[in-house]
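Student: Starting off with a structure, shown below.
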Amino acid sequence: MSSNALDSQGMLLKIGDGGSPENFSTIPEITSIQGPGGSANEIDVSDLSSTAKEFRMGLQDEGQITLEMAWIPTNPQHKQLRTDRANQTKRNFELHFTDTGATSPTIWSFAAFVQSISISNGVDDVTRATVTLRLTGAISQQDAA
């Protein structure tokens, strides 16, 4: 039986330049992407006629994306992440999956703030960073062609 599982190798995260039209460039040196997660609040809608607790789901919260990466301080996209964190800039991103379909992959588009950047160094290692993006608003999906 063949598997339809997608390869992680080749997945891309792109950052927008804020222009019109907006151009996206790949953030290099990413070694892992975790997220987005996502959840929704519970709204208790129980009333006096309820025989058990009743709930409705509230607004979706798309959560966060955490990137592990080799950090290159002079790289333009890495510099942009740091500048956006410092300036609390909301930025557009695209997450490109590896299902190439006929001509293009599935793409998730979303806006996010750079919530944190943590740099780490160790013996027999390279300079690394953990970058957390806080998504704001909904994720839109463009399916593979």
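In the structure tokens, chains take letters A, B, ... by order of appearance, with residues numbered from 1 within each chain and ligands from 1 in the order shown.
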Per DSSP on the backbone, what are the helix (DSSP H, G or I) residues of chain A, as a PyMOL selection string?

Tutor: chain A and resi 76-87

Student: So that I have them on file, write out the residues from the current selection with N, CA and C atoms, as a PDB file, in the first residue's frame.

Tutor:
```pdb
ATOM      1  N   PRO A  76      19.016  38.839   5.006  1.00  0.00           N
ATOM      2  CA  PRO A  76      17.929  39.831   4.965  1.00  0.00           C
ATOM      3  C   PRO A  76      16.632  39.363   5.631  1.00  0.00           C
ATOM      4  N   GLN A  77      16.251  38.098   5.453  1.00  0.00           N
ATOM      5  CA  GLN A  77      15.006  37.608   6.062  1.00  0.00           C
ATOM      6  C   GLN A  77      15.162  37.477   7.578  1.00  0.00           C
ATOM      7  N   HIS A  78      16.330  37.049   8.042  1.00  0.00           N
ATOM      8  CA  HIS A  78      16.582  36.945   9.479  1.00  0.00           C
ATOM      9  C   HIS A  78      16.576  38.338  10.111  1.00  0.00           C
ATOM     10  N   LYS A  79      17.201  39.301   9.428  1.00  0.00           N
ATOM     11  CA  LYS A  79      17.176  40.695   9.906  1.00  0.00           C
ATOM     12  C   LYS A  79      15.740  41.208   9.996  1.00  0.00           C
ATOM     13  N   GLN A  80      14.916  40.861   8.984  1.00  0.00           N
ATOM     14  CA  GLN A  80      13.524  41.312   8.964  1.00  0.00           C
ATOM     15  C   GLN A  80      12.749  40.750  10.153  1.00  0.00           C
ATOM     16  N   LEU A  81      12.986  39.487  10.489  1.00  0.00           N
ATOM     17  CA  LEU A  81      12.326  38.893  11.650  1.00  0.00           C
ATOM     18  C   LEU A  81      12.666  39.665  12.917  1.00  0.00           C
ATOM     19  N   ARG A  82      13.942  40.003  13.072  1.00  0.00           N
ATOM     20  CA  ARG A  82      14.372  40.755  14.271  1.00  0.00           C
ATOM     21  C   ARG A  82      13.773  42.154  14.296  1.00  0.00           C
ATOM     22  N   THR A  83      13.775  42.824  13.156  1.00  0.00           N
ATOM     23  CA  THR A  83      13.196  44.171  13.064  1.00  0.00           C
ATOM     24  C   THR A  83      11.700  44.127  13.347  1.00  0.00           C
ATOM     25  N   ASP A  84      11.016  43.139  12.777  1.00  0.00           N
ATOM     26  CA  ASP A  84       9.569  43.021  13.009  1.00  0.00           C
ATOM     27  C   ASP A  84       9.259  42.753  14.479  1.00  0.00           C
ATOM     28  N   ARG A  85      10.086  41.956  15.147  1.00  0.00           N
ATOM     29  CA  ARG A  85       9.877  41.728  16.582  1.00  0.00           C
ATOM     30  C   ARG A  85      10.047  43.021  17.357  1.00  0.00           C
ATOM     31  N   ALA A  86      11.100  43.753  17.055  1.00  0.00           N
ATOM     32  CA  ALA A  86      11.376  45.003  17.765  1.00  0.00           C
ATOM     33  C   ALA A  86      10.284  46.045  17.538  1.00  0.00           C
ATOM     34  N   ASN A  87       9.735  46.091  16.317  1.00  0.00           N
ATOM     35  CA  ASN A  87       8.737  47.104  15.960  1.00  0.00           C
ATOM     36  C   ASN A  87       7.300  46.616  16.111  1.00  0.00           C
TER      37      ASN A  87
END
```

Student: Where does DSSP see strand (DSSP E) in segment 7-143 of chain A, if you list the residues as number ranges by chain?

Tutor: A: 12-16, 24-26, 30-34, 39-44, 55-61, 64-70, 90-96, 107-120, 128-142

Student: Using C-alpha atoms, can you export the residues from the last selection as a PDB file, in the first residue's frame?

Tutor:
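This went into selection24.pdb:
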```pdb
ATOM      1  CA  LEU A  12       9.138  26.382   2.886  1.00  0.00           C
ATOM      2  CA  LEU A  13       8.128  29.328   5.021  1.00  0.00           C
ATOM      3  CA  LYS A  14       8.059  32.624   3.142  1.00  0.00           C
ATOM      4  CA  ILE A  15       7.870  36.159   4.516  1.00  0.00           C
ATOM      5  CA  GLY A  16       6.090  39.014   2.744  1.00  0.00           C
ATOM      6  CA  PHE A  24       7.397  36.689  -0.670  1.00  0.00           C
ATOM      7  CA  SER A  25      10.918  35.388  -0.054  1.00  0.00           C
ATOM      8  CA  THR A  26      11.934  32.106   1.560  1.00  0.00           C
ATOM      9  CA  ILE A  30      14.993  26.510   8.896  1.00  0.00           C
ATOM     10  CA  THR A  31      15.540  23.038  10.367  1.00  0.00           C
ATOM     11  CA  SER A  32      12.048  22.463  11.810  1.00  0.00           C
ATOM     12  CA  ILE A  33       8.591  24.023  11.820  1.00  0.00           C
ATOM     13  CA  GLN A  34       6.121  23.278  14.599  1.00  0.00           C
ATOM     14  CA  SER A  39      -8.008  26.149  19.455  1.00  0.00           C
ATOM     15  CA  ALA A  40     -11.286  27.846  20.260  1.00  0.00           C
ATOM     16  CA  ASN A  41     -12.825  29.006  23.508  1.00  0.00           C
ATOM     17  CA  GLU A  42     -15.778  27.166  24.958  1.00  0.00           C
ATOM     18  CA  ILE A  43     -18.902  29.251  25.462  1.00  0.00           C
ATOM     19  CA  ASP A  44     -21.225  27.796  28.071  1.00  0.00           C
ATOM     20  CA  PHE A  55     -21.385  24.442  24.814  1.00  0.00           C
ATOM     21  CA  ARG A  56     -20.833  26.433  21.660  1.00  0.00           C
ATOM     22  CA  MET A  57     -17.407  27.052  20.213  1.00  0.00           C
ATOM     23  CA  GLY A  58     -16.038  30.582  20.266  1.00  0.00           C
ATOM     24  CA  LEU A  59     -13.628  32.288  17.893  1.00  0.00           C
ATOM     25  CA  GLN A  60     -10.780  30.250  16.462  1.00  0.00           C
ATOM     26  CA  ASP A  61      -7.277  31.028  17.696  1.00  0.00           C
ATOM     27  CA  GLN A  64       1.695  29.889  17.068  1.00  0.00           C
ATOM     28  CA  ILE A  65       4.383  28.579  14.762  1.00  0.00           C
ATOM     29  CA  THR A  66       7.798  27.823  16.212  1.00  0.00           C
ATOM     30  CA  LEU A  67      10.815  27.744  13.913  1.00  0.00           C
ATOM     31  CA  GLU A  68      14.155  26.161  14.718  1.00  0.00           C
ATOM     32  CA  MET A  69      16.884  27.493  12.476  1.00  0.00           C
ATOM     33  CA  ALA A  70      20.547  28.197  11.925  1.00  0.00           C
ATOM     34  CA  LYS A  90       2.281  42.377  11.678  1.00  0.00           C
ATOM     35  CA  ARG A  91       3.611  40.586   8.597  1.00  0.00           C
ATOM     36  CA  ASN A  92       2.145  38.204   5.993  1.00  0.00           C
ATOM     37  CA  PHE A  93       3.619  34.715   5.671  1.00  0.00           C
ATOM     38  CA  GLU A  94       3.129  31.692   3.427  1.00  0.00           C
ATOM     39  CA  LEU A  95       3.706  28.074   4.452  1.00  0.00           C
ATOM     40  CA  HIS A  96       4.395  25.946   1.349  1.00  0.00           C
ATOM     41  CA  ILE A 107      -0.089  27.035   0.569  1.00  0.00           C
ATOM     42  CA  TRP A 108      -1.322  28.332   3.911  1.00  0.00           C
ATOM     43  CA  SER A 109      -1.349  32.139   4.043  1.00  0.00           C
ATOM     44  CA  PHE A 110      -1.557  33.998   7.331  1.00  0.00           C
ATOM     45  CA  ALA A 111      -0.584  37.143   9.194  1.00  0.00           C
ATOM     46  CA  ALA A 112       1.612  36.967  12.281  1.00  0.00           C
ATOM     47  CA  PHE A 113       3.724  38.912  14.718  1.00  0.00           C
ATOM     48  CA  VAL A 114       7.239  37.793  15.631  1.00  0.00           C
ATOM     49  CA  GLN A 115       6.596  37.098  19.292  1.00  0.00           C
ATOM     50  CA  SER A 116      10.095  36.011  20.271  1.00  0.00           C
ATOM     51  CA  ILE A 117      13.571  35.186  19.012  1.00  0.00           C
ATOM     52  CA  SER A 118      15.980  33.247  21.178  1.00  0.00           C
ATOM     53  CA  ILE A 119      19.586  32.714  20.055  1.00  0.00           C
ATOM     54  CA  SER A 120      21.653  29.767  21.295  1.00  0.00           C
ATOM     55  CA  ARG A 128      20.863  28.670  16.267  1.00  0.00           C
ATOM     56  CA  ALA A 129      17.598  30.503  16.852  1.00  0.00           C
ATOM     57  CA  THR A 130      14.131  29.613  17.997  1.00  0.00           C
ATOM     58  CA  VAL A 131      11.590  32.005  16.474  1.00  0.00           C
ATOM     59  CA  THR A 132       7.955  32.093  17.590  1.00  0.00           C
ATOM     60  CA  LEU A 133       5.335  33.591  15.275  1.00  0.00           C
ATOM     61  CA  ARG A 134       1.982  34.520  16.850  1.00  0.00           C
ATOM     62  CA  LEU A 135      -0.732  34.149  14.237  1.00  0.00           C
ATOM     63  CA  THR A 136      -3.463  36.769  14.081  1.00  0.00           C
ATOM     64  CA  GLY A 137      -6.653  36.161  12.116  1.00  0.00           C
ATOM     65  CA  ALA A 138      -7.534  33.102  10.087  1.00  0.00           C
ATOM     66  CA  ILE A 139      -5.327  30.905   7.917  1.00  0.00           C
ATOM     67  CA  SER A 140      -6.378  30.781   4.278  1.00  0.00           C
ATOM     68  CA  GLN A 141      -5.552  27.762   2.136  1.00  0.00           C
ATOM     69  CA  GLN A 142      -4.709  27.596  -1.532  1.00  0.00           C
TER      70      GLN A 142
END
```

Student: Give me, please, the distance in Å between atom CA of Gly38 of chain A and atom CA of Trp71 of chain A, quoted to one decimal.

Tutor: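 Atom-to-atom, atom CA of Gly38 of chain A to atom CA of Trp71 of chain A, that is 26.9 Å.
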
Student: I'd like the interatomic distance between atom CA of Glu22 of chain A and atom CA of Gly63 of chain A, to a tenth of an Å.

Tutor: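 Separating atom CA of Glu22 of chain A from atom CA of Gly63 of chain A is a distance of 23.8 Å.
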